[in-house]
Amino acid sequence: MSKWRPVGPAAEWTAMEERVLAFWRENDVFQRSVDDRKGADPYVFYEGPPTANGRPGSHHVLSRVFKDIFPRFHTMRGRYVERKAGWDCHGLPVELEVEKQLGISGKPEIEAYGIAEFNARCRASVGEYLDEWERLTDRIGFWVDTSQAYRTMDTDYVESVWWSLATMFDKGLVYESDKVVPYCPRCGTALSSHEVAQGYKDVTDPSIYVRFPLVDEPGTSLLVWTTTPWTLPANQAAAINPHTAYAVVHVDGERLVMADALVAKVIGDDAVVERTMPASDLAGAAYEPPFGHIPGRHIVVMSDFVTTEDGTGIVHLAPAFGEDDMRAAREHGLDAPNPVDRQGLFTDKVPEAVGVFVKDADRQLITDLEGRGRVFREKPYEHSYPHCWRCSTPLLYYAKPSWYIRTTDVRDRMLALNEQVGWHPEHVKHGRFGRWLEGNVDWAISRERYWGTPLPFWRCDDCEKVTAIGSFKALRDHAVVEVGDEFDPHRPFVDEVPIRCECGGTAHRVPEVVDVWFDSGAMPFAQHHYPFEGEDGLAGRFPADFVCEALDQTRGWFYSLLAEGALLFDEAPYRNVVCLGLILDGEGQKMSKSKGNVVEPWTVLDHAGADAFRWYLFTAQSPWDSFRFSLDVVDETRRRFLFTLWNTYAFLTTYASLPDGFTPGDPAPPVAERSEMDRWALSRLDATIDAVTDGLAGYDPTNAGRALESLVDDLSNWYVRTGRRRFWRSDDATDRAAAFATLHECLSTIALLVAPFCPFVADEMWGNLVAAHDPSAPESVHLANWPASGGRRDEALEQAMAAALEATTLGRSARKDAKLKVRQPLKEAVIACPPATARLLEGLSSVVAEELNVREVRFVTDAGGLVDVSLKPNYRSLGPRFGKGMPAVAEAVAALDANQAVRDLDADGAIHVIVNGNDERFEDDDLLREVRPTEGYAVAEGGSLAVGLSTEITPELEMEGLARDLVRAIQNARRTADLKVEDRIVLHLDGSGRIREAIDAHRAYIAGEVLATELTVSHGMPFTPVFREDGEIDGEPVSISIALA
RNA sequence: GGGCGAUUAGCUCAGGUGGUUAGAGCGCAUCCCUGAUAAGGAUGAGGUCCCAGGUUCGAGUCCUGGAUCGCCCA
């Protein structure tokens, strides 16, 4: 009783996937695959939370399938792999989406609308596309537990984040300081870099060269260039590059100081340089500031950010209005005076322009400077300057108080921890990520926004002391008001809970929320509500063995995870990181809605299916390269790998399910007694098991997948193609059993190996090949154990088969040259090769003979007249030995009598050659031989082989060729007549004299091949045929009639 | 402006530690096969390995400089 399920066409792939999905669902396969390993060594996976307030795209499929393959692999290897999903819920993108929905814009409008209602809408908006995300996750076969997903907005999650912030605060790692941010004075808000990037416009600003007269050198001034004259009243210092030479230039009776390299550009080629000096000579010099509103001495300082690209090489520092300026000021212990209010208007500290918007004040400030002889030159300057994307107001770089985490305290520790991380690709460790860590600055974590985790810091109205609250219990203990059980820690509710300060005063929460990157970086502990569920809540859950995101997350999630891991646990939160490249369109352009070149994941899934999508992403190229992605490339992948695999699988099941077919477990000869082809296939299988195991264990699915692809190709296009008839011929049941057992073993193992890559086809194959026949086998491949190689490797045989393949390729090439079609049998093929190759090939000569359709394969290895031999030096072995002497070696080898040298080599294993007067001993490996047959043969030659085919076609061979043509024609007729492959027939043939002669000579062969129980040849018709066809073979008329036996 | 990466056939990509004639798939051309058949296979054309120097007996591979593209950061 056959338990084989018929295998449909590969074209119905997506339907197959849907069936497998239903099977998983009905049998709870995912959960069981995890639970089965409970108690085993955990393999820890962290899901970097995506934001579900937008639709998932193809790039999300990329990261999600990579997040799937390694957990599946390690599960099959027996590890316990929890897979908790997560969603990033807070942040500006969510707020912007809601602003759009409400038709409002900017903080004043949000506050007018009401923070409570606004945040309620944010909360609702977060899950808007959750259904689609979950459907896609399911459809691509990403096994992750969405029912237990963590959400960064959940009360428990927020509490864990509070715990971490309070812990850092109590360790003295949190402080408040000014930070220069791109700021829209109209909207009253800082902008994220993403928003800034949207608003660049080309504008023309006044640029001026200003004199800063040196206090101690009358008549000498620093020459300073600026494109933002309005920042001059806040001037605090002048900065020079420490590695640049500065020049004193004589111009119209005054002396100006600037970078030597820029003198010609600024003053002109005829400038008179009085002297030059290193930057250190200039540092510390005092100058008179452009306006007198900032008290204290103004001096020259050195800072690396100063360039000599444009300007004068001397930069005016207004620390409140430039990030570089601020950093330089901090380094030199300078203040950051700010004479501009939040609306962008000058305060009364600048009497010249009090109440004027800074950008509008440029003109009058310049006029004032001119009046005092301070302006050397003025010219309009065209550049690209950021504007608010909402209201087009020019942005100001503006210092605002901000909360920082002192990550620089653990910078060296982060660098040390980074050394323990396995980065893929490797170069990220010391490249992009390592450099980023080296340049670490304190992490600005506060955002003046609404929908985020509120900073758990309360400032006393009286004494200004800040208290950090690390839990809801602590909040209740300190609160001045009642805090209910259903407390929502978001704004505005948390803002309405004042606490009692130590001093007896009342403290209110600071207004900011935390950077969303802090939220996601907290997921290792916050997803488990650590430490509130017990101090051992992270046992077996920290650190992660594996995380994976796109390469642009270097400064995002990869960093926030490491920073929080180092600060809180003094440990790297991940052991291995896989970085992924961008998804581009087929032309290499970034996908974007405006270009209309977005490939929707659903399109790919509906057309090509998830297995093809996944296989493409795993194997197209290294994961971190950009993907030139299109439906076509996925389709090509599908044809090349999946359809080949499917055809082989369909071939096996088709013949196995025939009446005298095969059932797994049928007796078969032991491997050692099977044919070379079988042992070769199993050797390749073992090699592939090792390659795939090593590849996946080393986070390299690309080469693992390619090894698998190469095995499938070998099986389909060599093992099955050359061995097809073994599966249906009945004359050797033992060999048939060996063939079935071998192919079945290969395909069942491939189902296991391919399971982490293409979980659908793997389970389809597993079900039909294994589970249906073996009640003790797991019902799903994903519940099975990873295979181990089984000592079936035979490298000599693999080498031999490679040589056999080369021999057949060359033989075909020779046939083509001689215009001898493959169906015409030939007498012999002569393979000319070195003796070692001949020994390898001898066992496979029948395979080669069959493929080339020759009666006999003969090897010639020496200069026995039939072959020409030539010798070349083996550069690989001789190069290191002779070095410079190699040309002389080549010359000496070329001068040898090759035939004699080869005979000596074969006899003694070595020859002696005079090189540059020295007697040198060359062994067999030091020389490369080329041999080729001489005459009477059609020849093709390759690297180490040459193949000659005898071209003479005897009458006997001609008859055999005709018989083969006949068989082909009859098989065609059978197919046209729609017969089943196993149907027996009665056959009647008629034809010319030559045809009849061929039939007589090969009657048994023909009848056997086409399953004819009777074969008659005559002009009459002895029965009524169900099918009759008249045609021609080799120009001779032939008639074929068939009836069922 | 800085950091990192990439550049090999018309296209998509491979090419340990330098070593014989730089490979594969797709596409193309010419064929073959016809019991894996809504499949399969073979042969062939197609390459200044981005450019210029250098090291070396020997460079796609190592070094220096440059170009172009991409990402990240200023």
# chains A, B, ... in the order shown; residues from 1 in each chain; ligands from 1
>>> residues_around(residues="A:Trp423", least_positions_apart="3", cutoff="8 Å", atoms="only C-alpha atoms (C1' of nucleotides)", output="number ranges by chain")
A: 426-429, 576-579
>>> interface_residues(of="chain A", to="chain B", cutoff="8 Å", atoms="only C-alpha atoms (C1' of nucleotides)", output="ChimeraX atom specification")
/A:428,431-432,435,552,620-621,633,636,647-648,650-651,812-813,816,821-822,872,874-876,879,883-887,928,943,968,971-972,981
>>> atom_distance(atom1="atom CA of A:Thr146", atom2="atom CA of A:Ser125")
18.2 Å
>>> residues_around(residues="B:C28", least_positions_apart="2", cutoff="10 Å", atoms="only C-alpha atoms (C1' of nucleotides)", output="number ranges by chain")
B: 10, 45-46
>>> select_by_dssp(residues="stretch 90-201 of chain A", states="strand (DSSP E or B)", output="number ranges by chain")
A: 145-151, 174-184, 189-190, 200-201
>>> residues_around(residues="A:Leu417", least_positions_apart="2", cutoff="8 Å", atoms="only C-alpha atoms (C1' of nucleotides)", output="PyMOL selection string")
chain A and resi 413-415+419-421+566+571-572
>>> write_last_selection(atoms="C-alpha atoms", output="short mmCIF file (atom, residue, chain, number, x, y, z; two decimals), in the first residue's frame")
data_model
loop_
_atom_site.label_atom_id
_atom_site.label_comp_id
_atom_site.auth_asym_id
_atom_site.auth_seq_id
_atom_site.Cartn_x
_atom_site.Cartn_y
_atom_site.Cartn_z
CA ARG A 413 34.71 49.67 28.46
CA MET A 414 32.42 49.69 25.40
CA LEU A 415 35.47 49.39 23.17
CA GLU A 419 36.13 43.20 21.01
CA GLN A 420 34.13 40.23 22.23
CA VAL A 421 31.40 40.67 19.63
CA ALA A 566 27.78 48.52 29.52
CA GLU A 571 28.49 43.37 29.70
CA ALA A 572 27.98 43.35 25.93
#
>>> atom_distance(atom1="atom CA of A:Glu956", atom2="atom CA of A:Arg996")
13.5 Å
>>> closest_residue(among="A:Thr722, A:Trp4, A:Ala777, A:His912", to="A:Gly661", atoms="only C-alpha atoms")
A:Trp4
>>> atom_distance(atom1="atom CA of A:Pro759", atom2="atom CA of A:Val604")
16.8 Å
>>> residues_around(residues="A:Arg674", least_positions_apart="3", cutoff="12 Å", atoms="only C-alpha atoms (C1' of nucleotides)", output="list in words")
Ala668, Pro669, Pro670, Val671, Met677, Asp678, Arg679, Trp680, Ala681, Leu682, Thr734, Asp735, Arg736, Ala737, Ala738, Ala739, Phe740, Ala741, Thr742 and Arg792 of chain A
>>> select_by_dssp(residues="stretch 190-275 of chain A", states="helix (DSSP H, G or I)", output="ChimeraX atom specification")
/A:193-198,229-234,260-266
>>> residues_around(residues="stretch 227-232 of chain A", least_positions_apart="5", cutoff="9 Å", atoms="only C-alpha atoms (C1' of nucleotides)", output="list in words")
Asp205, Pro206, Ser207, Ile208, Pro289, Pro290, Phe291, His316, Leu317, Ala318, Ala320, Phe321, Val358, Lys359, Asp360, Ala361, Asp362, Arg363, Leu365, Ile366, Pro380 and Tyr381 of chain A
>>> residues_around(residues="stretch 847-857 of chain A", least_positions_apart="5", cutoff="10 Å", atoms="only C-alpha atoms (C1' of nucleotides)", output="PyMOL selection string")
chain A and resi 676-677+721-723+801+803-812+815+821-831+841-842+947-950+957+961
